[in-house]
file model-v8.txt (compact mmCIF, N, CA and C atoms)
# COMPACT_ATOMS: atom_id res chain seq x y z
N GLN A 1 -0.87 14.10 14.70
CA GLN A 1 -0.06 12.95 14.33
C GLN A 1 -0.90 12.01 13.47
N ARG A 2 -0.35 11.71 12.30
CA ARG A 2 -1.09 10.87 11.37
C ARG A 2 -1.13 9.44 11.86
N LEU A 3 -2.27 8.78 11.63
CA LEU A 3 -2.38 7.38 12.00
C LEU A 3 -1.58 6.49 11.07
N LEU A 4 -1.59 6.82 9.78
CA LEU A 4 -0.88 6.05 8.77
C LEU A 4 0.09 6.97 8.04
N ALA A 5 1.35 6.60 8.00
CA ALA A 5 2.37 7.42 7.37
C ALA A 5 3.13 6.58 6.35
N GLU A 6 2.95 6.91 5.07
CA GLU A 6 3.66 6.20 4.00
C GLU A 6 5.04 6.81 3.79
N SER A 7 5.94 5.97 3.30
CA SER A 7 7.27 6.43 2.92
C SER A 7 7.82 5.49 1.86
N GLY A 8 8.89 5.92 1.20
CA GLY A 8 9.56 5.08 0.24
C GLY A 8 9.28 5.39 -1.22
N GLY A 9 8.38 6.32 -1.48
CA GLY A 9 8.10 6.66 -2.85
C GLY A 9 9.25 7.40 -3.50
N GLY A 10 9.16 7.56 -4.82
CA GLY A 10 10.20 8.27 -5.55
C GLY A 10 10.17 7.90 -7.01
N VAL A 11 11.28 8.12 -7.68
CA VAL A 11 11.41 7.80 -9.09
C VAL A 11 12.19 6.50 -9.23
N VAL A 12 11.67 5.60 -10.03
CA VAL A 12 12.32 4.31 -10.25
C VAL A 12 12.29 4.01 -11.74
N GLN A 13 13.31 3.37 -12.23
CA GLN A 13 13.36 3.01 -13.65
C GLN A 13 12.53 1.75 -13.91
N PRO A 14 11.99 1.65 -15.10
CA PRO A 14 11.30 0.40 -15.45
C PRO A 14 12.22 -0.79 -15.26
N GLY A 15 11.68 -1.84 -14.66
CA GLY A 15 12.48 -3.02 -14.39
C GLY A 15 13.27 -2.97 -13.10
N GLY A 16 13.23 -1.84 -12.40
CA GLY A 16 13.94 -1.71 -11.13
C GLY A 16 13.13 -2.26 -9.99
N SER A 17 13.34 -1.71 -8.80
CA SER A 17 12.56 -2.13 -7.64
C SER A 17 12.44 -0.97 -6.66
N LEU A 18 11.39 -1.03 -5.87
CA LEU A 18 11.11 0.02 -4.88
C LEU A 18 10.28 -0.62 -3.78
N ARG A 19 10.53 -0.20 -2.55
CA ARG A 19 9.72 -0.71 -1.44
C ARG A 19 9.04 0.44 -0.72
N LEU A 20 7.74 0.35 -0.64
CA LEU A 20 6.95 1.33 0.11
C LEU A 20 6.69 0.79 1.52
N SER A 21 6.66 1.70 2.46
CA SER A 21 6.35 1.35 3.85
C SER A 21 5.20 2.21 4.35
N CYS A 22 4.44 1.67 5.27
CA CYS A 22 3.36 2.42 5.91
C CYS A 22 3.38 2.07 7.39
N ARG A 23 3.71 3.06 8.20
CA ARG A 23 3.78 2.86 9.65
C ARG A 23 2.48 3.35 10.27
N ALA A 24 1.90 2.52 11.11
CA ALA A 24 0.64 2.87 11.78
C ALA A 24 0.90 3.27 13.22
N ARG A 25 0.14 4.23 13.69
CA ARG A 25 0.19 4.65 15.08
C ARG A 25 -1.22 4.84 15.59
N GLY A 26 -1.41 4.52 16.87
CA GLY A 26 -2.71 4.81 17.47
C GLY A 26 -3.79 3.79 17.20
N ILE A 27 -3.45 2.67 16.55
CA ILE A 27 -4.43 1.61 16.33
C ILE A 27 -3.81 0.27 16.74
N ILE A 28 -4.66 -0.70 17.01
CA ILE A 28 -4.15 -2.05 17.31
C ILE A 28 -3.88 -2.70 15.96
N PHE A 29 -2.69 -2.46 15.45
CA PHE A 29 -2.34 -2.77 14.07
C PHE A 29 -2.66 -4.22 13.70
N GLY A 30 -2.34 -5.14 14.55
CA GLY A 30 -2.49 -6.56 14.23
C GLY A 30 -3.91 -6.98 13.95
N ARG A 31 -4.88 -6.19 14.35
CA ARG A 31 -6.27 -6.53 14.14
C ARG A 31 -6.81 -6.01 12.81
N TYR A 32 -6.07 -5.12 12.20
CA TYR A 32 -6.55 -4.45 11.00
C TYR A 32 -6.15 -5.17 9.73
N ALA A 33 -7.06 -5.21 8.76
CA ALA A 33 -6.71 -5.56 7.40
C ALA A 33 -6.06 -4.33 6.78
N MET A 34 -4.94 -4.54 6.09
CA MET A 34 -4.20 -3.44 5.50
C MET A 34 -4.18 -3.58 3.98
N ALA A 35 -4.06 -2.47 3.31
CA ALA A 35 -4.05 -2.51 1.85
C ALA A 35 -3.29 -1.32 1.29
N TRP A 36 -2.86 -1.49 0.05
CA TRP A 36 -2.30 -0.39 -0.74
C TRP A 36 -3.25 -0.13 -1.90
N TYR A 37 -3.57 1.14 -2.08
CA TYR A 37 -4.33 1.61 -3.22
C TYR A 37 -3.43 2.58 -4.00
N ARG A 38 -3.86 2.86 -5.22
CA ARG A 38 -3.14 3.88 -5.99
C ARG A 38 -4.11 4.67 -6.86
N GLN A 39 -3.69 5.87 -7.18
CA GLN A 39 -4.49 6.72 -8.04
C GLN A 39 -3.58 7.46 -9.00
N ALA A 40 -3.79 7.18 -10.27
CA ALA A 40 -3.03 7.85 -11.32
C ALA A 40 -3.80 9.09 -11.76
N PRO A 41 -3.13 10.06 -12.36
CA PRO A 41 -3.82 11.28 -12.80
C PRO A 41 -4.98 10.96 -13.73
N GLY A 42 -6.14 11.52 -13.43
CA GLY A 42 -7.31 11.33 -14.28
C GLY A 42 -8.01 10.00 -14.12
N LYS A 43 -7.55 9.19 -13.17
CA LYS A 43 -8.15 7.86 -12.97
C LYS A 43 -8.68 7.72 -11.56
N GLN A 44 -9.54 6.73 -11.37
CA GLN A 44 -10.07 6.46 -10.05
C GLN A 44 -9.06 5.71 -9.20
N ARG A 45 -9.21 5.87 -7.90
CA ARG A 45 -8.36 5.13 -7.00
C ARG A 45 -8.68 3.63 -7.11
N GLU A 46 -7.64 2.80 -7.14
CA GLU A 46 -7.85 1.37 -7.31
C GLU A 46 -7.03 0.58 -6.30
N LEU A 47 -7.55 -0.59 -5.96
CA LEU A 47 -6.84 -1.48 -5.05
C LEU A 47 -5.65 -2.10 -5.76
N VAL A 48 -4.51 -2.10 -5.08
CA VAL A 48 -3.30 -2.73 -5.61
C VAL A 48 -3.08 -4.07 -4.95
N ALA A 49 -3.08 -4.08 -3.62
CA ALA A 49 -2.82 -5.30 -2.87
C ALA A 49 -3.38 -5.16 -1.47
N ALA A 50 -3.76 -6.28 -0.89
CA ALA A 50 -4.34 -6.27 0.46
C ALA A 50 -3.82 -7.45 1.25
N ILE A 51 -3.80 -7.29 2.56
CA ILE A 51 -3.37 -8.37 3.44
C ILE A 51 -4.24 -8.34 4.70
N THR A 52 -4.80 -9.51 5.02
CA THR A 52 -5.67 -9.58 6.19
C THR A 52 -4.85 -9.66 7.47
N SER A 53 -5.56 -9.64 8.59
CA SER A 53 -4.86 -9.71 9.88
C SER A 53 -4.14 -11.04 10.05
N ASP A 54 -4.61 -12.08 9.37
CA ASP A 54 -3.93 -13.37 9.50
C ASP A 54 -2.95 -13.63 8.36
N GLY A 55 -2.72 -12.64 7.52
CA GLY A 55 -1.67 -12.74 6.50
C GLY A 55 -2.13 -13.18 5.12
N THR A 56 -3.39 -13.37 4.92
CA THR A 56 -3.88 -13.72 3.58
C THR A 56 -3.76 -12.51 2.66
N THR A 57 -3.22 -12.75 1.47
CA THR A 57 -2.96 -11.64 0.54
C THR A 57 -3.86 -11.72 -0.69
N ASN A 58 -4.02 -10.57 -1.31
CA ASN A 58 -4.83 -10.45 -2.53
C ASN A 58 -4.22 -9.36 -3.38
N TYR A 59 -4.17 -9.58 -4.69
CA TYR A 59 -3.54 -8.63 -5.60
C TYR A 59 -4.43 -8.33 -6.79
N SER A 60 -4.28 -7.12 -7.31
CA SER A 60 -4.94 -6.82 -8.56
C SER A 60 -4.21 -7.57 -9.68
N ASP A 61 -4.92 -7.87 -10.74
CA ASP A 61 -4.31 -8.63 -11.83
C ASP A 61 -3.13 -7.88 -12.44
N SER A 62 -3.17 -6.57 -12.40
CA SER A 62 -2.14 -5.77 -13.05
C SER A 62 -0.78 -5.84 -12.35
N VAL A 63 -0.77 -6.23 -11.07
CA VAL A 63 0.50 -6.26 -10.33
C VAL A 63 0.87 -7.66 -9.87
N LYS A 64 -0.03 -8.62 -10.07
CA LYS A 64 0.21 -9.97 -9.60
C LYS A 64 1.50 -10.51 -10.19
N GLY A 65 2.34 -11.09 -9.33
CA GLY A 65 3.61 -11.63 -9.79
C GLY A 65 4.75 -10.62 -9.79
N ARG A 66 4.44 -9.34 -9.63
CA ARG A 66 5.48 -8.30 -9.61
C ARG A 66 5.57 -7.60 -8.25
N PHE A 67 4.44 -7.39 -7.61
CA PHE A 67 4.40 -6.71 -6.32
C PHE A 67 4.10 -7.70 -5.21
N THR A 68 4.62 -7.41 -4.02
CA THR A 68 4.37 -8.26 -2.86
C THR A 68 4.01 -7.39 -1.66
N ILE A 69 2.90 -7.69 -1.04
CA ILE A 69 2.50 -7.00 0.18
C ILE A 69 2.85 -7.88 1.37
N SER A 70 3.33 -7.24 2.43
CA SER A 70 3.67 -7.97 3.64
C SER A 70 3.44 -7.05 4.84
N ARG A 71 3.44 -7.65 6.02
CA ARG A 71 3.23 -6.85 7.22
C ARG A 71 4.11 -7.33 8.34
N ASP A 72 4.50 -6.41 9.19
CA ASP A 72 5.27 -6.70 10.39
C ASP A 72 4.47 -6.15 11.56
N ASN A 73 3.75 -7.01 12.24
CA ASN A 73 2.87 -6.54 13.31
C ASN A 73 3.66 -5.96 14.48
N ALA A 74 4.85 -6.48 14.71
CA ALA A 74 5.67 -5.96 15.81
C ALA A 74 6.08 -4.51 15.56
N GLU A 75 6.23 -4.15 14.29
CA GLU A 75 6.62 -2.79 13.91
C GLU A 75 5.43 -1.97 13.45
N SER A 76 4.23 -2.55 13.48
CA SER A 76 3.01 -1.85 13.02
C SER A 76 3.21 -1.26 11.63
N THR A 77 3.79 -2.07 10.75
CA THR A 77 4.14 -1.57 9.42
C THR A 77 3.70 -2.56 8.34
N VAL A 78 3.19 -2.01 7.27
CA VAL A 78 2.88 -2.80 6.09
C VAL A 78 3.77 -2.32 4.95
N TYR A 79 4.20 -3.26 4.13
CA TYR A 79 5.13 -2.97 3.04
C TYR A 79 4.51 -3.32 1.69
N LEU A 80 5.01 -2.66 0.66
CA LEU A 80 4.70 -3.05 -0.70
C LEU A 80 6.01 -3.09 -1.46
N GLN A 81 6.46 -4.29 -1.77
CA GLN A 81 7.67 -4.48 -2.58
C GLN A 81 7.26 -4.45 -4.04
N MET A 82 7.81 -3.50 -4.77
CA MET A 82 7.48 -3.32 -6.18
C MET A 82 8.66 -3.75 -7.01
N ASN A 83 8.54 -4.87 -7.69
CA ASN A 83 9.59 -5.37 -8.59
C ASN A 83 9.11 -5.21 -10.03
N SER A 84 10.06 -4.97 -10.89
CA SER A 84 9.77 -4.79 -12.32
C SER A 84 8.63 -3.80 -12.55
N PRO A 85 8.71 -2.63 -11.96
CA PRO A 85 7.63 -1.66 -12.19
C PRO A 85 7.62 -1.21 -13.65
N GLU A 86 6.44 -0.78 -14.06
CA GLU A 86 6.24 -0.32 -15.43
C GLU A 86 5.73 1.13 -15.39
N PRO A 87 5.88 1.88 -16.45
CA PRO A 87 5.37 3.26 -16.45
C PRO A 87 3.91 3.36 -16.03
N GLU A 88 3.13 2.32 -16.35
CA GLU A 88 1.71 2.33 -15.98
C GLU A 88 1.49 2.23 -14.47
N ASP A 89 2.53 1.92 -13.72
CA ASP A 89 2.41 1.87 -12.26
C ASP A 89 2.60 3.26 -11.63
N THR A 90 2.91 4.25 -12.42
CA THR A 90 3.07 5.60 -11.90
C THR A 90 1.75 6.09 -11.29
N ALA A 91 1.82 6.51 -10.02
CA ALA A 91 0.60 6.92 -9.32
C ALA A 91 0.98 7.40 -7.92
N VAL A 92 0.01 7.95 -7.23
CA VAL A 92 0.14 8.17 -5.80
C VAL A 92 -0.37 6.91 -5.11
N TYR A 93 0.45 6.36 -4.23
CA TYR A 93 0.11 5.13 -3.53
C TYR A 93 -0.33 5.47 -2.11
N TYR A 94 -1.48 4.91 -1.73
CA TYR A 94 -2.09 5.19 -0.43
C TYR A 94 -2.16 3.93 0.41
N CYS A 95 -1.88 4.09 1.68
CA CYS A 95 -2.02 3.02 2.65
C CYS A 95 -3.43 3.10 3.23
N HIS A 96 -4.03 1.94 3.50
CA HIS A 96 -5.40 1.87 4.00
C HIS A 96 -5.49 0.81 5.09
N ALA A 97 -6.23 1.15 6.15
CA ALA A 97 -6.45 0.22 7.25
C ALA A 97 -7.94 0.09 7.48
N ARG A 98 -8.39 -1.14 7.70
CA ARG A 98 -9.81 -1.37 7.92
C ARG A 98 -10.03 -2.42 9.01
N LEU A 99 -10.97 -2.11 9.92
CA LEU A 99 -11.42 -3.07 10.93
C LEU A 99 -12.90 -2.81 11.13
N PHE A 100 -13.74 -3.74 10.63
CA PHE A 100 -15.19 -3.56 10.65
C PHE A 100 -15.53 -2.22 10.00
N ARG A 101 -16.16 -1.30 10.68
CA ARG A 101 -16.56 -0.03 10.05
C ARG A 101 -15.52 1.08 10.23
N SER A 102 -14.45 0.77 10.88
CA SER A 102 -13.38 1.78 11.04
C SER A 102 -12.39 1.65 9.91
N GLU A 103 -12.08 2.77 9.29
CA GLU A 103 -11.07 2.74 8.23
C GLU A 103 -10.30 4.04 8.25
N TYR A 104 -9.04 3.93 7.85
CA TYR A 104 -8.14 5.07 7.84
C TYR A 104 -7.33 5.07 6.55
N TRP A 105 -6.98 6.26 6.11
CA TRP A 105 -6.15 6.44 4.92
C TRP A 105 -4.90 7.24 5.26
N GLY A 106 -3.82 6.89 4.61
CA GLY A 106 -2.65 7.74 4.67
C GLY A 106 -2.78 8.87 3.65
N LEU A 107 -1.79 9.76 3.66
CA LEU A 107 -1.81 10.89 2.75
C LEU A 107 -1.24 10.55 1.37
N GLY A 108 -0.59 9.41 1.26
CA GLY A 108 -0.08 8.98 -0.03
C GLY A 108 1.37 9.31 -0.26
N THR A 109 1.99 8.53 -1.14
CA THR A 109 3.36 8.76 -1.55
C THR A 109 3.45 8.57 -3.06
N GLN A 110 4.14 9.49 -3.73
CA GLN A 110 4.21 9.47 -5.19
C GLN A 110 5.24 8.45 -5.66
N VAL A 111 4.84 7.63 -6.61
CA VAL A 111 5.76 6.70 -7.29
C VAL A 111 5.73 7.04 -8.77
N THR A 112 6.90 7.31 -9.32
CA THR A 112 7.03 7.62 -10.74
C THR A 112 7.97 6.62 -11.37
N VAL A 113 7.47 5.91 -12.36
CA VAL A 113 8.29 4.92 -13.07
C VAL A 113 8.68 5.52 -14.41
N SER A 114 9.95 5.81 -14.55
CA SER A 114 10.41 6.51 -15.75
C SER A 114 11.89 6.25 -15.96
N SER A 115 12.27 6.16 -17.22
CA SER A 115 13.68 6.02 -17.54
C SER A 115 14.31 7.39 -17.78
call {"tool": "encode", "arguments": {"input": "model-v8.txt", "output": "structure tokens"}}
result
Amino acid sequence: QRLLAESGGGVVQPGGSLRLSCRARGIIFGRYAMAWYRQAPGKQRELVAAITSDGTTNYSDSVKGRFTISRDNAESTVYLQMNSPEPEDTAVYYCHARLFRSEYWGLGTQVTVSS
């Protein structure tokens, strides 16, 4: 059973919207800092957005103002709301959890932005 399970990926048109979800199991979710990373073909994995255990958020410059990260501790789930996506946002999106030296990755979900 995976600790982090992403869902919600797919094909979206430029200017549309998509919401990714990541459900955690087997960890005390509320204590973990959560983040979304992405990796496009031929590129390194990069941070998209992060949210601390107390709700402080951080975004990469490329998605600031378009994407929103949020968390629901009662549901052990972190979300990434993607508004006005662009073709350059096409990538595999990974969920990440970190608490001190413990960290976990999901298997990723593909997001393709195309008309």
call {"tool": "residues_around", "arguments": {"input": "model-v8.txt", "residues": "Ala40 of chain A", "least_positions_apart": "2", "cutoff": "6.5 Å", "atoms": "only N, CA and C atoms", "output": "MDAnalysis selection string"}}
result
chainID A and resid 38 42:45 90:92
call {"tool": "atom_distance", "arguments": {"input": "model-v8.txt", "atom1": "atom CA of Ser60 of chain A", "atom2": "atom N of Leu4 of chain A"}}
result
23.1 Å
call {"tool": "residues_near_point", "arguments": {"input": "model-v8.txt", "point": "(6.3, -2.3, -16.3)", "cutoff": "10 Å", "atoms": "only C-alpha atoms", "output": "number ranges by chain"}}
result
A: 13-16, 62-63, 66, 83-90, 113-114
call {"tool": "write_last_selection", "arguments": {"input": "model-v8.txt", "atoms": "N, CA and C atoms", "output": "mmCIF file, keeping the file's coordinate frame"}}
result
data_model
loop_
_atom_site.group_PDB
_atom_site.id
_atom_site.type_symbol
_atom_site.label_atom_id
_atom_site.label_comp_id
_atom_site.auth_asym_id
_atom_site.auth_seq_id
_atom_site.Cartn_x
_atom_site.Cartn_y
_atom_site.Cartn_z
ATOM 1 N N GLN A 13 13.310 3.370 -12.230
ATOM 2 C CA GLN A 13 13.360 3.010 -13.650
ATOM 3 C C GLN A 13 12.530 1.750 -13.910
ATOM 4 N N PRO A 14 11.990 1.650 -15.100
ATOM 5 C CA PRO A 14 11.300 0.400 -15.450
ATOM 6 C C PRO A 14 12.220 -0.790 -15.260
ATOM 7 N N GLY A 15 11.680 -1.840 -14.660
ATOM 8 C CA GLY A 15 12.480 -3.020 -14.390
ATOM 9 C C GLY A 15 13.270 -2.970 -13.100
ATOM 10 N N GLY A 16 13.230 -1.840 -12.400
ATOM 11 C CA GLY A 16 13.940 -1.710 -11.130
ATOM 12 C C GLY A 16 13.130 -2.260 -9.990
ATOM 13 N N SER A 62 -3.170 -6.570 -12.400
ATOM 14 C CA SER A 62 -2.140 -5.770 -13.050
ATOM 15 C C SER A 62 -0.780 -5.840 -12.350
ATOM 16 N N VAL A 63 -0.770 -6.230 -11.070
ATOM 17 C CA VAL A 63 0.500 -6.260 -10.330
ATOM 18 C C VAL A 63 0.870 -7.660 -9.870
ATOM 19 N N ARG A 66 4.440 -9.340 -9.630
ATOM 20 C CA ARG A 66 5.480 -8.300 -9.610
ATOM 21 C C ARG A 66 5.570 -7.600 -8.250
ATOM 22 N N ASN A 83 8.540 -4.870 -7.690
ATOM 23 C CA ASN A 83 9.590 -5.370 -8.590
ATOM 24 C C ASN A 83 9.110 -5.210 -10.030
ATOM 25 N N SER A 84 10.060 -4.970 -10.890
ATOM 26 C CA SER A 84 9.770 -4.790 -12.320
ATOM 27 C C SER A 84 8.630 -3.800 -12.550
ATOM 28 N N PRO A 85 8.710 -2.630 -11.960
ATOM 29 C CA PRO A 85 7.630 -1.660 -12.190
ATOM 30 C C PRO A 85 7.620 -1.210 -13.650
ATOM 31 N N GLU A 86 6.440 -0.780 -14.060
ATOM 32 C CA GLU A 86 6.240 -0.320 -15.430
ATOM 33 C C GLU A 86 5.730 1.130 -15.390
ATOM 34 N N PRO A 87 5.880 1.880 -16.450
ATOM 35 C CA PRO A 87 5.370 3.260 -16.450
ATOM 36 C C PRO A 87 3.910 3.360 -16.030
ATOM 37 N N GLU A 88 3.130 2.320 -16.350
ATOM 38 C CA GLU A 88 1.710 2.330 -15.980
ATOM 39 C C GLU A 88 1.490 2.230 -14.470
ATOM 40 N N ASP A 89 2.530 1.920 -13.720
ATOM 41 C CA ASP A 89 2.410 1.870 -12.260
ATOM 42 C C ASP A 89 2.600 3.260 -11.630
ATOM 43 N N THR A 90 2.910 4.250 -12.420
ATOM 44 C CA THR A 90 3.070 5.600 -11.900
ATOM 45 C C THR A 90 1.750 6.090 -11.290
ATOM 46 N N VAL A 113 7.470 5.910 -12.360
ATOM 47 C CA VAL A 113 8.290 4.920 -13.070
ATOM 48 C C VAL A 113 8.680 5.520 -14.410
ATOM 49 N N SER A 114 9.950 5.810 -14.550
ATOM 50 C CA SER A 114 10.410 6.510 -15.750
ATOM 51 C C SER A 114 11.890 6.250 -15.960
#
call {"tool": "closest_residue", "arguments": {"input": "model-v8.txt", "among": "A:Met34, A:Ala49, A:Val111, A:Met82", "to": "Val11 of chain A", "atoms": "only N, CA and C atoms"}}
result
A:Val111
call {"tool": "select_by_dssp", "arguments": {"input": "model-v8.txt", "residues": "segment 65-98 of chain A", "states": "helix (DSSP H, G or I)", "output": "ChimeraX atom specification"}}
result
/A:73-75,87-89
call {"tool": "residues_near_point", "arguments": {"input": "model-v8.txt", "point": "(10.0, -4.3, -4.0)", "cutoff": "6 Å", "atoms": "only N, CA and C atoms", "output": "number ranges by chain"}}
result
A: 17-19, 80-83
call {"tool": "atom_distance", "arguments": {"input": "model-v8.txt", "atom1": "atom C of Ala33 of chain A", "atom2": "atom N of Leu47 of chain A"}}
result
13.4 Å
call {"tool": "atom_distance", "arguments": {"input": "model-v8.txt", "atom1": "atom N of Asn58 of chain A", "atom2": "atom C of Thr77 of chain A"}}
result
14.7 Å
call {"tool": "closest_residue", "arguments": {"input": "model-v8.txt", "among": "A:Arg101, A:Tyr37, A:Arg23, A:Tyr94", "to": "Arg2 of chain A", "atoms": "only N, CA and C atoms"}}
result
A:Arg23
call {"tool": "closest_residue", "arguments": {"input": "model-v8.txt", "among": "A:Glu46, A:Asp61, A:Asp54, A:Glu103", "to": "Gly30 of chain A", "atoms": "only C-alpha atoms"}}
result
A:Asp54
call {"tool": "decode", "arguments": {"input": "model-v8.txt", "residues": "segment 25-34 of chain A", "atoms": "all heavy atoms", "output": "short mmCIF file (atom, residue, chain, number, x, y, z; two decimals), in the first residue's frame"}}
result
data_model
loop_
_atom_site.label_atom_id
_atom_site.label_comp_id
_atom_site.auth_asym_id
_atom_site.auth_seq_id
_atom_site.Cartn_x
_atom_site.Cartn_y
_atom_site.Cartn_z
N ARG A 25 -1.36 7.86 3.59
CA ARG A 25 -1.71 6.79 4.51
C ARG A 25 -0.48 6.37 5.28
O ARG A 25 0.63 6.41 4.77
CB ARG A 25 -2.27 5.59 3.74
CG ARG A 25 -3.63 5.81 3.14
CD ARG A 25 -4.14 4.55 2.45
NE ARG A 25 -5.54 4.67 2.06
CZ ARG A 25 -5.96 5.21 0.95
NH1 ARG A 25 -5.09 5.72 0.10
NH2 ARG A 25 -7.25 5.27 0.67
N GLY A 26 -0.69 6.01 6.54
CA GLY A 26 0.43 5.45 7.29
C GLY A 26 1.38 6.46 7.89
O GLY A 26 2.41 6.07 8.44
N ILE A 27 1.05 7.76 7.79
CA ILE A 27 1.88 8.78 8.43
C ILE A 27 0.97 9.73 9.21
O ILE A 27 -0.23 9.80 8.95
CB ILE A 27 2.70 9.60 7.40
CG1 ILE A 27 1.80 10.36 6.43
CG2 ILE A 27 3.66 8.69 6.65
CD1 ILE A 27 2.55 11.30 5.49
N ILE A 28 1.56 10.44 10.16
CA ILE A 28 0.79 11.45 10.89
C ILE A 28 0.80 12.70 10.02
O ILE A 28 1.65 13.57 10.13
CB ILE A 28 1.40 11.71 12.28
CG1 ILE A 28 1.49 10.40 13.06
CG2 ILE A 28 0.54 12.72 13.04
CD1 ILE A 28 2.20 10.52 14.39
N PHE A 29 -0.16 12.75 9.11
CA PHE A 29 -0.17 13.71 8.02
C PHE A 29 0.01 15.15 8.50
O PHE A 29 0.76 15.92 7.91
CB PHE A 29 -1.47 13.57 7.23
CG PHE A 29 -1.60 14.52 6.07
CD1 PHE A 29 -0.96 14.25 4.88
CD2 PHE A 29 -2.37 15.67 6.19
CE1 PHE A 29 -1.08 15.12 3.79
CE2 PHE A 29 -2.49 16.54 5.12
CZ PHE A 29 -1.85 16.27 3.92
N GLY A 30 -0.66 15.52 9.55
CA GLY A 30 -0.65 16.91 10.01
C GLY A 30 0.71 17.41 10.42
O GLY A 30 0.94 18.62 10.48
N ARG A 31 1.65 16.52 10.67
CA ARG A 31 2.97 16.92 11.09
C ARG A 31 3.92 17.13 9.92
O ARG A 31 4.99 17.72 10.09
CB ARG A 31 3.58 15.87 12.03
CG ARG A 31 2.81 15.68 13.32
CD ARG A 31 3.47 14.65 14.21
NE ARG A 31 4.81 15.07 14.60
CZ ARG A 31 5.67 14.29 15.23
NH1 ARG A 31 5.35 13.02 15.52
NH2 ARG A 31 6.85 14.72 15.57
N TYR A 32 3.52 16.67 8.76
CA TYR A 32 4.41 16.70 7.60
C TYR A 32 4.25 17.96 6.78
O TYR A 32 3.13 18.45 6.59
CB TYR A 32 4.15 15.49 6.70
CG TYR A 32 4.81 14.23 7.18
CD1 TYR A 32 4.31 13.54 8.28
CD2 TYR A 32 5.94 13.72 6.54
CE1 TYR A 32 4.93 12.39 8.73
CE2 TYR A 32 6.55 12.57 6.98
CZ TYR A 32 6.05 11.92 8.07
OH TYR A 32 6.66 10.77 8.52
N ALA A 33 5.37 18.48 6.29
CA ALA A 33 5.36 19.47 5.23
C ALA A 33 5.10 18.72 3.93
O ALA A 33 5.70 17.68 3.67
CB ALA A 33 6.69 20.19 5.14
N MET A 34 4.18 19.25 3.12
CA MET A 34 3.80 18.59 1.87
C MET A 34 4.17 19.48 0.69
O MET A 34 4.23 20.71 0.81
CB MET A 34 2.31 18.32 1.85
CG MET A 34 1.81 17.47 2.99
SD MET A 34 2.54 15.83 3.01
CE MET A 34 1.96 15.18 1.45
#
